[in-house]
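So this block is my_file-v8.cif, mmCIF, C-alpha atoms:
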data_coords
#
loop_
_atom_site.label_atom_id
_atom_site.label_comp_id
_atom_site.auth_asym_id
_atom_site.auth_seq_id
_atom_site.Cartn_x
_atom_site.Cartn_y
_atom_site.Cartn_z
CA MET V 6 23.06 27.58 -20.00
CA ARG V 7 21.64 24.32 -18.73
CA GLY V 8 24.10 24.40 -15.84
CA THR V 9 23.10 27.87 -14.71
CA ILE V 10 19.40 26.95 -14.75
CA GLY V 11 20.24 23.97 -12.55
CA LEU V 12 22.14 26.29 -10.23
CA HIS V 13 19.04 28.46 -9.62
CA TRP V 14 17.34 25.63 -7.75
CA GLN V 15 20.40 25.08 -5.59
CA ILE V 16 20.77 28.74 -4.71
CA ALA V 17 17.05 29.09 -3.93
CA ALA V 18 17.07 25.89 -1.86
CA GLY V 19 20.12 27.04 0.10
CA LEU V 20 18.66 30.48 0.73
CA PHE V 21 15.21 29.29 1.80
CA LEU V 22 16.50 26.46 3.95
CA THR V 23 18.95 28.77 5.73
CA LEU V 24 16.05 31.11 6.45
CA THR V 25 13.94 28.11 7.56
CA THR V 26 16.62 27.07 10.03
CA TRP V 27 16.77 30.61 11.38
CA GLY V 28 12.97 30.78 11.46
CA GLY V 29 12.55 27.44 13.18
CA MET V 30 15.33 27.89 15.71
CA ALA V 31 15.24 31.61 16.50
CA TYR V 32 12.18 33.38 15.10
CA VAL V 33 9.27 31.25 16.35
CA ARG V 34 8.42 31.32 20.04
CA PRO V 35 8.44 28.04 21.97
CA ALA V 36 4.95 26.56 21.60
CA MET V 37 3.23 26.81 24.96
CA GLY V 38 0.80 24.05 25.77
CA PHE V 39 3.20 21.36 24.62
CA LEU V 40 5.04 19.20 27.11
CA TYR V 41 8.40 20.49 25.81
CA PRO V 42 7.64 23.87 24.23
CA ASP V 43 10.98 23.99 22.39
CA GLY V 44 10.47 20.52 20.95
CA ALA V 45 7.57 21.82 18.87
CA ARG V 46 10.15 23.54 16.62
CA ILE V 47 10.68 20.21 14.89
CA ILE V 48 7.26 20.70 13.26
CA ILE V 49 8.90 23.27 10.97
CA PHE V 50 10.95 20.43 9.46
CA HIS V 51 8.54 17.53 9.95
CA VAL V 52 5.53 18.92 8.09
CA PRO V 53 7.35 19.93 4.86
CA CYS V 54 8.95 16.46 4.70
CA ALA V 55 5.48 14.88 4.79
CA TRP V 56 4.25 17.29 2.10
CA ILE V 57 7.21 16.51 -0.13
CA ALA V 58 6.71 12.76 0.34
CA CYS V 59 3.09 13.17 -0.85
CA LEU V 60 4.18 15.41 -3.71
CA ALA V 61 6.78 12.80 -4.72
CA TYR V 62 4.04 10.17 -4.77
CA ILE V 63 1.78 12.32 -6.96
CA THR V 64 4.68 13.03 -9.34
CA ALA V 65 5.50 9.33 -9.53
CA ALA V 66 1.88 8.40 -10.29
CA TYR V 67 1.73 11.09 -13.01
CA HIS V 68 4.85 9.74 -14.68
CA ALA V 69 3.61 6.14 -14.26
CA VAL V 70 0.56 7.07 -16.36
CA GLY V 71 3.02 8.47 -18.90
CA VAL V 72 4.92 5.17 -19.02
CA LEU V 73 1.76 3.14 -19.66
CA ARG V 74 0.41 5.58 -22.28
CA LYS V 75 3.61 5.66 -24.31
CA PRO V 76 4.43 2.18 -25.67
CA ARG V 77 7.68 3.39 -27.26
CA ASP V 78 8.93 6.65 -25.82
CA TRP V 79 8.65 5.73 -22.15
CA PHE V 80 12.24 6.15 -21.01
CA ARG V 81 12.10 9.66 -19.57
CA SER V 82 8.79 9.04 -17.78
CA ASP V 83 10.20 5.86 -16.29
CA ALA V 84 13.35 7.63 -15.06
CA SER V 85 11.21 10.41 -13.56
CA CYS V 86 8.93 7.89 -11.86
CA GLU V 87 11.89 6.11 -10.30
CA ALA V 88 13.51 9.37 -9.22
CA ALA V 89 10.28 10.54 -7.57
CA MET V 90 9.86 7.20 -5.77
CA GLU V 91 13.43 7.32 -4.46
CA LEU V 92 12.95 10.85 -3.16
CA GLY V 93 9.60 9.82 -1.71
CA LEU V 94 11.30 7.07 0.27
CA LEU V 95 13.91 9.55 1.52
CA PHE V 96 11.36 12.17 2.58
CA SER V 97 8.95 9.69 4.15
CA LEU V 98 11.88 8.31 6.14
CA LEU V 99 12.72 11.84 7.31
CA THR V 100 9.04 12.39 8.18
CA THR V 101 8.96 9.22 10.26
CA VAL V 102 12.19 10.03 12.11
CA THR V 103 11.27 13.63 12.91
CA GLY V 104 7.75 12.52 13.80
CA SER V 105 8.93 9.87 16.25
CA ILE V 106 11.28 12.33 17.96
CA PHE V 107 8.34 14.69 18.44
CA SER V 108 6.14 11.78 19.53
CA ARG V 109 8.69 10.78 22.18
CA LEU V 110 8.81 14.33 23.55
CA GLN V 111 5.09 14.89 23.50
CA TRP V 112 3.43 11.52 24.12
CA GLY V 113 6.28 9.59 25.76
CA ALA V 114 6.79 6.90 23.12
CA PHE V 115 8.60 6.89 19.80
CA TRP V 116 5.81 4.90 18.23
CA SER V 117 2.18 4.50 19.26
CA TRP V 118 0.33 3.17 16.15
CA ASP V 119 -1.63 6.31 15.63
CA PRO V 120 -3.46 6.22 12.23
CA ARG V 121 -1.18 9.00 10.95
CA GLN V 122 1.91 7.04 11.96
CA THR V 123 0.54 3.89 10.37
CA SER V 124 -0.16 5.80 7.16
CA ILE V 125 3.36 7.13 6.82
CA LEU V 126 4.78 3.69 7.61
CA VAL V 127 2.71 2.01 4.88
CA ILE V 128 3.49 4.78 2.40
CA MET V 129 7.18 4.25 3.17
CA LEU V 130 6.72 0.51 2.59
CA LEU V 131 5.03 1.28 -0.76
CA PHE V 132 8.00 3.36 -1.89
CA ALA V 133 10.36 0.60 -0.79
CA ALA V 134 8.30 -2.16 -2.44
CA TYR V 135 8.32 -0.23 -5.72
CA LEU V 136 12.12 -0.09 -5.61
CA VAL V 137 12.32 -3.79 -4.69
CA LEU V 138 10.16 -4.62 -7.72
CA ARG V 139 12.44 -2.56 -9.96
CA SER V 140 15.54 -4.33 -8.70
CA ALA V 141 13.92 -7.74 -9.34
CA VAL V 142 13.32 -7.20 -13.09
CA THR V 143 16.24 -6.94 -15.50
CA ASP V 144 14.54 -6.15 -18.83
CA PRO V 145 14.14 -2.32 -18.93
CA ASN V 146 10.88 -2.29 -20.92
CA LEU V 147 9.19 -4.89 -18.72
CA ARG V 148 10.53 -3.18 -15.62
CA ALA V 149 9.07 0.17 -16.70
CA ARG V 150 5.60 -1.27 -17.33
CA LEU V 151 5.40 -3.50 -14.24
CA SER V 152 6.66 -0.84 -11.86
CA ALA V 153 4.34 1.78 -13.39
CA ALA V 154 1.35 -0.54 -12.89
CA TYR V 155 2.41 -1.17 -9.29
CA ALA V 156 2.85 2.55 -8.64
CA LEU V 157 -0.69 3.23 -9.89
CA LEU V 158 -2.19 0.29 -7.99
CA ALA V 159 -0.64 1.72 -4.83
CA VAL V 160 -2.88 4.79 -5.21
CA VAL V 161 -5.74 2.73 -3.67
CA PRO V 162 -4.09 1.95 -0.31
CA GLY V 163 -2.67 5.48 -0.35
CA LEU V 164 -6.13 7.06 -0.62
CA PHE V 165 -7.51 4.72 2.04
CA LEU V 166 -4.72 5.50 4.47
CA ILE V 167 -5.06 9.24 4.11
CA TRP V 168 -8.85 9.68 4.08
CA VAL V 169 -10.60 6.54 5.30
CA LEU V 170 -8.44 4.87 7.93
CA PRO V 171 -8.27 7.80 10.42
CA ARG V 172 -12.10 7.78 10.40
CA ILE V 173 -12.41 4.03 11.01
CA VAL V 174 -9.70 3.41 13.60
CA ASN V 175 -10.07 5.35 16.83
CA THR V 176 -7.17 7.70 17.25
CA LEU V 177 -5.63 7.82 20.69
CA HIS V 178 -4.81 11.51 20.61
CA SER V 179 -7.00 13.29 18.12
CA GLY V 180 -6.62 16.64 19.87
CA ALA V 181 -2.86 16.52 19.69
CA ASN V 182 -3.05 15.21 16.14
CA GLN V 183 -5.19 18.19 15.18
CA ALA V 184 -2.58 20.55 16.59
CA VAL V 185 0.15 18.89 14.56
CA ILE V 186 -1.88 18.87 11.37
CA GLY V 187 -2.70 22.52 11.65
CA GLY V 188 -5.80 23.03 13.79
CA GLY V 189 -4.44 25.38 16.39
CA MET V 190 -1.15 26.44 14.90
CA ASP V 191 0.38 29.76 15.82
CA ALA V 192 0.57 32.51 13.16
CA GLN V 193 4.38 32.59 13.51
CA TYR V 194 4.63 28.89 12.80
CA ARG V 195 2.36 29.25 9.78
CA THR V 196 4.50 32.10 8.39
CA VAL V 197 7.74 30.11 8.67
CA LEU V 198 6.10 26.89 7.45
CA TYR V 199 4.39 28.29 4.35
CA GLY V 200 6.68 31.23 3.62
CA LEU V 201 10.11 29.67 4.12
CA ALA V 202 10.04 25.91 4.68
CA LEU V 203 7.62 24.96 1.91
CA PRO V 204 9.45 26.84 -0.89
CA GLY V 205 12.80 25.65 0.48
CA PHE V 206 11.80 22.00 0.48
CA LEU V 207 10.14 22.38 -2.94
CA CYS V 208 13.38 23.79 -4.35
CA ILE V 209 15.50 21.00 -2.89
CA TYR V 210 13.02 18.43 -4.22
CA ALA V 211 13.09 19.97 -7.71
CA TRP V 212 16.88 20.11 -7.68
CA LEU V 213 17.25 16.47 -6.56
CA MET V 214 14.69 15.32 -9.15
CA ARG V 215 16.56 17.07 -11.96
CA LEU V 216 19.86 15.68 -10.75
CA ARG V 217 18.52 12.13 -10.54
CA ILE V 218 16.85 12.21 -13.99
CA ARG V 219 19.99 13.65 -15.58
CA ALA V 220 22.07 10.89 -13.95
CA ALA V 221 19.66 8.25 -15.33
CA MET V 222 19.96 9.78 -18.81
CA VAL V 223 23.76 9.78 -18.63
CA ILE V 224 23.84 6.16 -17.46
CA ALA V 225 21.46 5.11 -20.26
CA ALA V 226 23.49 7.01 -22.88
CA GLY V 227 26.66 5.35 -21.58
CA SER V 228 25.28 1.82 -21.76
CA ASN V 229 23.93 2.20 -25.32
CA MET T 25 -24.04 -13.96 -29.42
CA THR T 26 -23.39 -10.51 -27.99
CA GLY T 27 -20.00 -9.27 -26.92
CA ARG T 28 -20.92 -9.07 -23.27
CA SER T 29 -22.06 -12.67 -22.94
CA MET T 30 -18.86 -13.71 -24.77
CA TRP T 31 -16.87 -11.80 -22.17
CA PHE T 32 -18.56 -13.52 -19.25
CA GLU T 33 -18.21 -16.87 -20.97
CA GLN T 34 -14.47 -16.31 -21.32
CA ALA T 35 -14.13 -15.22 -17.71
CA PHE T 36 -16.02 -18.25 -16.40
CA ALA T 37 -14.04 -20.53 -18.73
CA VAL T 38 -10.74 -19.20 -17.27
CA CYS T 39 -12.04 -19.76 -13.75
CA ALA T 40 -13.37 -23.24 -14.57
CA LYS T 41 -10.06 -24.18 -16.22
CA ASP T 42 -8.11 -23.16 -13.13
CA LEU T 43 -10.53 -24.96 -10.81
CA ARG T 44 -10.22 -28.12 -12.92
CA ILE T 45 -6.39 -27.94 -12.81
CA GLU T 46 -6.53 -27.33 -9.08
CA PHE T 47 -8.89 -30.26 -8.61
CA ARG T 48 -6.44 -32.55 -10.46
CA GLU T 49 -3.19 -31.36 -8.89
CA ARG T 50 -4.27 -29.73 -5.62
CA THR T 51 -1.03 -27.72 -5.32
CA ALA T 52 -2.50 -24.42 -4.08
CA VAL T 53 -5.15 -25.97 -1.85
CA SER T 54 -2.74 -28.36 -0.16
CA ALA T 55 -0.22 -25.54 0.42
CA VAL T 56 -2.88 -23.28 1.86
CA VAL T 57 -4.52 -25.93 4.04
CA LEU T 58 -1.22 -27.22 5.37
CA PHE T 59 -0.11 -23.68 6.12
CA SER T 60 -3.24 -22.75 8.06
CA VAL T 61 -3.28 -26.02 9.99
CA THR T 62 0.41 -25.79 10.98
CA SER T 63 0.21 -22.15 12.00
CA LEU T 64 -2.92 -22.83 14.04
CA VAL T 65 -1.27 -25.81 15.71
CA VAL T 66 1.69 -23.60 16.65
CA LEU T 67 -0.78 -21.06 18.00
CA GLY T 68 -2.61 -23.71 20.00
CA PHE T 69 0.66 -25.04 21.38
CA ALA T 70 1.77 -21.54 22.40
CA LEU T 71 -1.54 -20.88 24.10
CA ALA T 72 -1.36 -24.20 25.98
CA GLY T 73 -4.90 -24.05 27.29
CA ASN T 74 -4.98 -20.33 28.06
CA ASN T 75 -7.86 -18.38 26.63
CA LEU T 76 -7.24 -15.50 24.27
CA ALA T 77 -8.58 -12.03 24.89
CA ARG T 78 -10.82 -10.65 22.14
CA GLU T 79 -8.35 -7.84 21.43
CA VAL T 80 -5.58 -10.35 20.73
CA SER T 81 -7.56 -13.00 18.89
CA ALA T 82 -8.73 -10.70 16.07
CA PRO T 83 -5.23 -9.79 14.82
CA LEU T 84 -4.06 -13.41 15.18
CA LEU T 85 -6.94 -14.63 13.01
CA TRP T 86 -5.99 -12.17 10.27
CA VAL T 87 -2.28 -12.96 10.50
CA VAL T 88 -3.16 -16.61 9.80
CA MET T 89 -5.58 -15.62 7.01
CA PHE T 90 -3.05 -13.28 5.38
CA TYR T 91 -0.17 -15.74 5.30
CA ALA T 92 -2.37 -18.66 4.28
CA ALA T 93 -3.83 -16.59 1.45
CA PHE T 94 -0.44 -15.37 0.29
CA SER T 95 1.01 -18.86 0.22
CA GLY T 96 -1.59 -19.84 -2.41
CA LEU T 97 -2.80 -16.80 -4.30
CA ALA T 98 0.38 -16.06 -6.28
CA HIS T 99 0.12 -19.51 -7.80
CA VAL T 100 -2.72 -18.49 -10.11
CA PHE T 101 -0.45 -16.50 -12.46
CA THR T 102 2.92 -18.15 -11.88
CA VAL T 103 1.39 -21.40 -13.15
CA GLU T 104 0.71 -19.72 -16.52
CA GLU T 105 4.21 -18.24 -16.75
CA ASP T 106 5.94 -21.47 -15.70
CA GLY T 107 3.84 -23.62 -17.98
CA GLY T 108 4.40 -21.26 -20.92
CA THR T 109 0.64 -20.97 -21.43
CA SER T 110 0.28 -17.23 -20.82
CA MET T 111 0.78 -16.34 -24.53
CA THR T 112 -1.97 -18.76 -25.58
CA LEU T 113 -4.30 -17.36 -22.96
CA GLN T 114 -3.54 -13.84 -24.24
CA LEU T 115 -4.68 -14.90 -27.70
CA ALA T 116 -7.69 -16.86 -26.51
CA ALA T 117 -9.34 -14.38 -24.18
CA ASP T 118 -9.91 -10.70 -23.51
CA PRO T 119 -7.42 -9.44 -20.86
CA THR T 120 -10.10 -8.13 -18.50
CA ALA T 121 -11.97 -11.45 -18.81
CA VAL T 122 -8.77 -13.24 -17.78
CA TYR T 123 -8.47 -10.94 -14.78
CA PHE T 124 -12.09 -11.53 -13.78
CA GLY T 125 -11.73 -15.30 -14.13
CA LYS T 126 -8.57 -15.35 -12.02
CA LEU T 127 -10.24 -13.15 -9.41
CA LEU T 128 -13.16 -15.58 -9.20
CA TYR T 129 -10.75 -18.47 -8.81
CA ASN T 130 -8.84 -16.68 -6.04
CA LEU T 131 -12.12 -15.93 -4.30
CA ALA T 132 -12.98 -19.63 -4.40
CA LEU T 133 -9.57 -20.50 -3.01
CA LEU T 134 -9.88 -17.93 -0.22
CA SER T 135 -13.35 -19.16 0.71
CA CYS T 136 -11.74 -22.55 1.08
CA VAL T 137 -9.05 -21.05 3.36
CA ALA T 138 -11.66 -19.23 5.43
CA LEU T 139 -13.85 -22.34 5.76
CA ILE T 140 -10.92 -24.28 7.18
CA ALA T 141 -8.97 -21.65 9.11
CA VAL T 142 -11.75 -19.74 10.86
CA PRO T 143 -13.57 -22.69 12.54
CA LEU T 144 -10.23 -24.24 13.48
CA PHE T 145 -9.09 -20.92 14.90
CA LEU T 146 -12.26 -20.60 16.97
CA VAL T 147 -11.81 -24.11 18.33
CA ILE T 148 -8.16 -23.59 19.27
CA SER T 149 -8.43 -20.08 20.69
CA ALA T 150 -11.79 -20.75 22.42
CA VAL T 151 -12.98 -17.20 21.76
CA PRO T 152 -16.71 -16.85 22.39
CA VAL T 153 -18.65 -15.73 19.31
CA PRO T 154 -21.76 -13.87 20.40
CA TYR T 155 -23.09 -13.16 16.88
CA PRO T 156 -21.85 -15.70 14.29
CA TRP T 157 -23.36 -13.83 11.31
CA LYS T 158 -21.30 -10.73 12.12
CA LEU T 159 -18.11 -12.77 12.01
CA ILE T 160 -19.21 -14.43 8.74
CA ALA T 161 -19.88 -10.99 7.22
CA VAL T 162 -16.47 -9.65 8.28
CA VAL T 163 -14.59 -12.72 7.07
CA SER T 164 -16.43 -12.65 3.70
CA GLY T 165 -15.75 -8.93 3.22
CA GLY T 166 -12.12 -9.34 4.25
CA SER T 167 -11.61 -12.32 1.95
CA PHE T 168 -13.07 -10.39 -0.99
CA ALA T 169 -10.76 -7.43 -0.33
CA LEU T 170 -7.77 -9.74 0.18
CA ALA T 171 -8.45 -11.62 -3.06
CA SER T 172 -8.82 -8.49 -5.15
CA ALA T 173 -5.64 -6.96 -3.71
CA ALA T 174 -3.65 -10.18 -4.15
CA THR T 175 -4.75 -10.99 -7.71
CA MET T 176 -3.22 -7.89 -9.29
CA THR T 177 -0.08 -8.14 -7.16
CA GLY T 178 0.12 -11.79 -8.24
CA VAL T 179 0.24 -10.96 -11.94
CA ILE T 180 2.94 -8.32 -11.43
CA VAL T 181 5.04 -10.82 -9.45
CA ALA T 182 4.49 -13.58 -12.03
CA LYS T 183 5.53 -11.29 -14.90
CA ALA T 184 8.61 -10.23 -12.92
CA ARG T 185 9.47 -13.93 -12.61
CA GLY T 186 9.57 -13.36 -8.89
CA ARG T 187 8.79 -15.88 -6.18
CA GLY T 188 7.32 -15.92 -2.69
CA ALA T 189 9.62 -13.29 -1.19
CA LEU T 190 8.77 -10.73 -3.87
CA PHE T 191 5.04 -11.48 -3.54
CA GLY T 192 5.23 -10.85 0.20
CA ALA T 193 7.22 -7.63 -0.21
CA LEU T 194 4.90 -6.21 -2.88
CA GLY T 195 1.67 -7.53 -1.40
CA PHE T 196 2.11 -6.47 2.20
CA PRO T 197 1.70 -2.69 1.69
CA MET T 198 -1.27 -3.39 -0.61
CA VAL T 199 -3.15 -5.40 2.03
CA LEU T 200 -2.07 -3.63 5.21
CA PRO T 201 -4.92 -1.06 5.16
CA LEU T 202 -7.46 -3.83 4.69
CA LEU T 203 -5.86 -5.96 7.42
CA ILE T 204 -6.11 -3.05 9.86
CA MET T 205 -9.77 -2.57 8.93
CA ALA T 206 -10.46 -6.31 9.17
CA VAL T 207 -8.87 -6.53 12.61
CA VAL T 208 -10.94 -3.61 13.90
CA ALA T 209 -14.10 -5.08 12.34
CA THR T 210 -13.43 -8.55 13.79
CA ARG T 211 -12.90 -7.02 17.22
CA ASN T 212 -16.26 -5.26 16.92
CA ALA T 213 -17.96 -8.41 15.62
CA LEU T 214 -16.73 -10.44 18.59
CA ASN T 215 -17.79 -7.74 21.04
CA PRO T 216 -20.88 -8.94 22.95
CA GLU T 217 -22.17 -5.35 23.16
CA SER T 218 -24.19 -4.75 20.01
CA MET T 219 -23.34 -1.00 20.16
CA ALA T 220 -19.80 -1.72 18.96
CA TRP T 221 -21.00 -3.00 15.61
CA GLU T 222 -21.58 -0.69 12.65
CA PRO T 223 -22.16 -2.66 9.43
CA LEU T 224 -21.45 0.28 7.12
CA ARG T 225 -18.11 0.99 8.75
CA ASP T 226 -17.01 -2.56 9.57
CA VAL T 227 -18.06 -4.57 6.51
CA GLY T 228 -18.68 -1.62 4.17
CA GLY T 229 -15.09 -0.43 4.52
CA LEU T 230 -13.75 -3.83 3.51
CA ILE T 231 -16.09 -4.16 0.54
CA ALA T 232 -15.25 -0.61 -0.57
CA TYR T 233 -11.53 -1.41 -0.41
CA GLY T 234 -11.99 -4.61 -2.41
CA THR T 235 -14.08 -2.81 -5.01
CA MET T 236 -11.58 0.03 -5.40
CA MET T 237 -8.73 -2.45 -5.69
CA GLY T 238 -10.70 -4.46 -8.23
CA ALA T 239 -11.53 -1.37 -10.30
CA ALA T 240 -7.91 -0.19 -10.33
CA SER T 241 -6.75 -3.70 -11.27
CA PHE T 242 -9.33 -3.85 -14.04
CA LEU T 243 -7.83 -0.73 -15.62
CA LEU T 244 -4.19 -1.71 -15.09
CA PHE T 245 -4.34 -5.43 -15.80
CA PRO T 246 -4.23 -5.25 -19.65
CA TYR T 247 -0.95 -3.26 -19.51
CA VAL T 248 0.72 -5.84 -17.31
CA TRP T 249 -0.81 -8.95 -18.86
CA GLU T 250 0.30 -8.09 -22.38
CA SER T 251 3.89 -7.19 -21.50
CA ASN T 252 6.33 -10.01 -22.04
#
Could I get this structure in the form of structure tokens?
Amino acid sequence: MRGTIGLHWQIAAGLFLTLTTWGGMAYVRPAMGFLYPDGARIIIFHVPCAWIACLAYITAAYHAVGVLRKPRDWFRSDASCEAAMELGLLFSLLTTVTGSIFSRLQWGAFWSWDPRQTSILVIMLLFAAYLVLRSAVTDPNLRARLSAAYALLAVVPGLFLIWVLPRIVNTLHSGANQAVIGGGMDAQYRTVLYGLALPGFLCIYAWLMRLRIRAAMVIAAGSN
Amino acid sequence: MTGRSMWFEQAFAVCAKDLRIEFRERTAVSAVVLFSVTSLVVLGFALAGNNLAREVSAPLLWVVMFYAAFSGLAHVFTVEEDGGTSMTLQLAADPTAVYFGKLLYNLALLSCVALIAVPLFLVISAVPVPYPWKLIAVVSGGSFALASAATMTGVIVAKARGRGALFGALGFPMVLPLLIMAVVATRNALNPESMAWEPLRDVGGLIAYGTMMGAASFLLFPYVWESN
């Protein structure tokens, strides 16, 4: 029974992501107004990756609160927090890579220290630093508490990067940034992005989370 | 005696204790001073008499400040873990009072760094300072934010029994937003046109960051401090 429930996420992820690929590559028109109209198709994959990275961070912070609130029964929250952080690192890496490809096509450079680019870089560093901290502590109980505290402390720079920094530092290309973030997006792009890509990426995230937590449980059961 | 005055007394006692130890042994201060002097000498050597542009000097100042601060600020908690005194301190004082005391001590240490590094930097780089009070405001705000971000990271690193490399890895993402803000603010403070300067944005941003970091640390510190 458990296995078939797990399979639902895989089937849904496969279906939606196949449709997303079709939607991104064949359904949407090339975006006129961009330097390389066909290059804009990468947005279909770039934006959901950024969303999932943020979602992973929120999940991790939620489970970190769980770790600190439960002095005894923290194991599952800790495993979920770690799984979310690992997936966050993966998806923020994918966001950065797809973003720099688009940046190269549109603005001529892979990296230009735009506030949005800086934010994703620092968020990626936060995910990585969390995992570095985990690998540095051997005692499981201490590791759970320290890494949960670090994950929650990281909410402060996270909030600053998303809401405050773009208002303080002058952005070089605010118009173009607006277009990427959703200001002037075509209806076709919105349909594919919200209707196909978002559910597809959500399903693959849910599936990977479940897989990772189950693996952590199996490893813990084996070592006891 | 009321509970609140007890709390402040404990916090100031923790700070005074650390200052007294520092005054006797001078480990953190000597590390920090030596670091800022050597890095500034390297900078001066590399410049070799050339003047720095304002755009370049602001980030360089904060690179020196960041590394100087991080060479000393972790010391405040590792000294308790290494000396085996952290358990006693847990019994003797309220956790948040310990945090507040350590934050005060780190602020004192960072003021020391700023008092040495900033004038030396200005001498070596020969950057004109049109409005000294603007620079003082930015450096004070930046030091406050840096201290409050580094104190909490310091306790996590000390409890993890980690050393300098771990402190750098964990601390860097915590201070990067404030370093970016401090660089922008320093650039504006050194700008001779008074239009470039907006106190609420330039200094207010730094103080807001330090306050948010301090508030988050205040809530999280007891969980970390009492885990052994």
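The residues returned by the PyMOL selection byres ((chain T) within 7 of (chain V)) on the shown structure are Ile180, Ala184, Ala193, Leu194, Pro197, Met198, Pro201, Arg225, Met236, Met237, Ala240, Ser241, Leu244, Tyr247, Val248, Ser251 and Asn252 of chain T.
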Counting only C-alpha atoms, figure out which residue out of V:Phe80, V:Trp56, V:Tyr32, V:Phe115 gets nearest to Ala226 (chain V). V:Phe80
To test your reading of the syntax: which residues would the PyMOL selection byres ((chain V and resi 29) around 12) return for the file shown? Reply as an MDAnalysis selection string. chainID V and resid 21:28 30:36 43:51 193:198 200:202
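Atom pair CA of Pro154 (chain T) / CA of Phe90 (chain T): separated by 24.0 Å.
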Using all atoms listed in the file, the shortest atom-to-atom distance to Asp83 (chain V) among V:Gly104, V:Gly19, V:Gly71, V:Gly113 belongs to V:Gly71
Report the residues retrieved by the PyMOL selection byres ((chain T and resi 124-138) around 9) from the displayed file, expressed as number ranges by chain. T: 32, 34-40, 42-43, 52-53, 56-57, 60, 89, 92-93, 96-97, 100-101, 119-123, 139-143, 163-164, 167-168, 170-172, 174-176, 238, 242
List as a ChimeraX atom specification the protein and nucleic acid residues near region 209-213 of chain T, meaning an atom at most 7 Å away when all atoms listed in the file are counted, but skip any in the same chain fewer than 4 places from it. /T:78-79,82,158-159,162,205,220-221,226
Need to verify the contact set: Cys54 (chain V), 7 Å, only C-alpha atoms, exclusion of same-chain residues closer than 2 positions in sequence. Can you return it as a PDB file with C-alpha atoms, keeping the file's coordinate frame?
ATOM      1  CA  PHE V  50      10.950  20.430   9.460  1.00  0.00           C
ATOM      2  CA  HIS V  51       8.540  17.530   9.950  1.00  0.00           C
ATOM      3  CA  VAL V  52       5.530  18.920   8.090  1.00  0.00           C
ATOM      4  CA  TRP V  56       4.250  17.290   2.100  1.00  0.00           C
ATOM      5  CA  ILE V  57       7.210  16.510  -0.130  1.00  0.00           C
ATOM      6  CA  ALA V  58       6.710  12.760   0.340  1.00  0.00           C
ATOM      7  CA  PHE V  96      11.360  12.170   2.580  1.00  0.00           C
ATOM      8  CA  SER V  97       8.950   9.690   4.150  1.00  0.00           C
ATOM      9  CA  LEU V  99      12.720  11.840   7.310  1.00  0.00           C
ATOM     10  CA  THR V 100       9.040  12.390   8.180  1.00  0.00           C
TER      11      THR V 100
END
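Computed from the coordinates, the CA of Met214 (chain V) to CA of Ile167 (chain V) distance equals 24.6 Å.
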Box for region 61-79 of chain T: with edges along x, y and z, all listed atoms inside and 5 Å added on each side, what are the centre and edge lengths in Å to one decimal, as JSON?
{"center_x": -4.5, "center_y": -16.9, "center_z": 19.0, "size_x": 22.6, "size_y": 28.2, "size_z": 28.1}
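Computed from the coordinates, the CA of Leu60 (chain V) to CA of Trp118 (chain V) distance equals 23.6 Å.
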Close residues, region 102-112 of chain T itself excluded, 10 Å, all atoms listed in the file, min 6 positions apart in chain, as a ChimeraX atom specification: /T:42,178-187,249-250,252
In the coordinate frame of the file, compute which residues have an atom within 6 Å of (-21.7, -6.2, 7.9) when using all atoms listed in the file, and state them as a list in words. Ala161, Pro223 and Val227 of chain T
Please dump the current selection as a PDB file, keeping the file's coordinate frame; keep C-alpha atoms.
ATOM      1  CA  ALA T 161     -19.880 -10.990   7.220  1.00  0.00           C
ATOM      2  CA  PRO T 223     -22.160  -2.660   9.430  1.00  0.00           C
ATOM      3  CA  VAL T 227     -18.060  -4.570   6.510  1.00  0.00           C
TER       4      VAL T 227
END
What does region 70-83 of chain T look like written to a file with C-alpha atoms, as an mmCIF file, in the first residue's frame?
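Output (result24.cif):
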data_model
loop_
_atom_site.group_PDB
_atom_site.id
_atom_site.type_symbol
_atom_site.label_atom_id
_atom_site.label_comp_id
_atom_site.auth_asym_id
_atom_site.auth_seq_id
_atom_site.Cartn_x
_atom_site.Cartn_y
_atom_site.Cartn_z
ATOM 1 C CA ALA T 70 50.064 46.308 -3.632
ATOM 2 C CA LEU T 71 48.928 49.870 -4.150
ATOM 3 C CA ALA T 72 52.530 51.136 -4.168
ATOM 4 C CA GLY T 73 51.626 54.795 -4.046
ATOM 5 C CA ASN T 74 48.632 54.633 -6.386
ATOM 6 C CA ASN T 75 45.427 56.150 -5.131
ATOM 7 C CA LEU T 76 42.317 54.040 -4.793
ATOM 8 C CA ALA T 77 39.057 54.943 -6.451
ATOM 9 C CA ARG T 78 36.104 55.367 -4.088
ATOM 10 C CA GLU T 79 34.284 52.442 -5.713
ATOM 11 C CA VAL T 80 37.185 50.103 -4.948
ATOM 12 C CA SER T 81 38.145 51.373 -1.512
ATOM 13 C CA ALA T 82 34.740 50.694 0.104
ATOM 14 C CA PRO T 83 34.746 46.923 -0.553
#
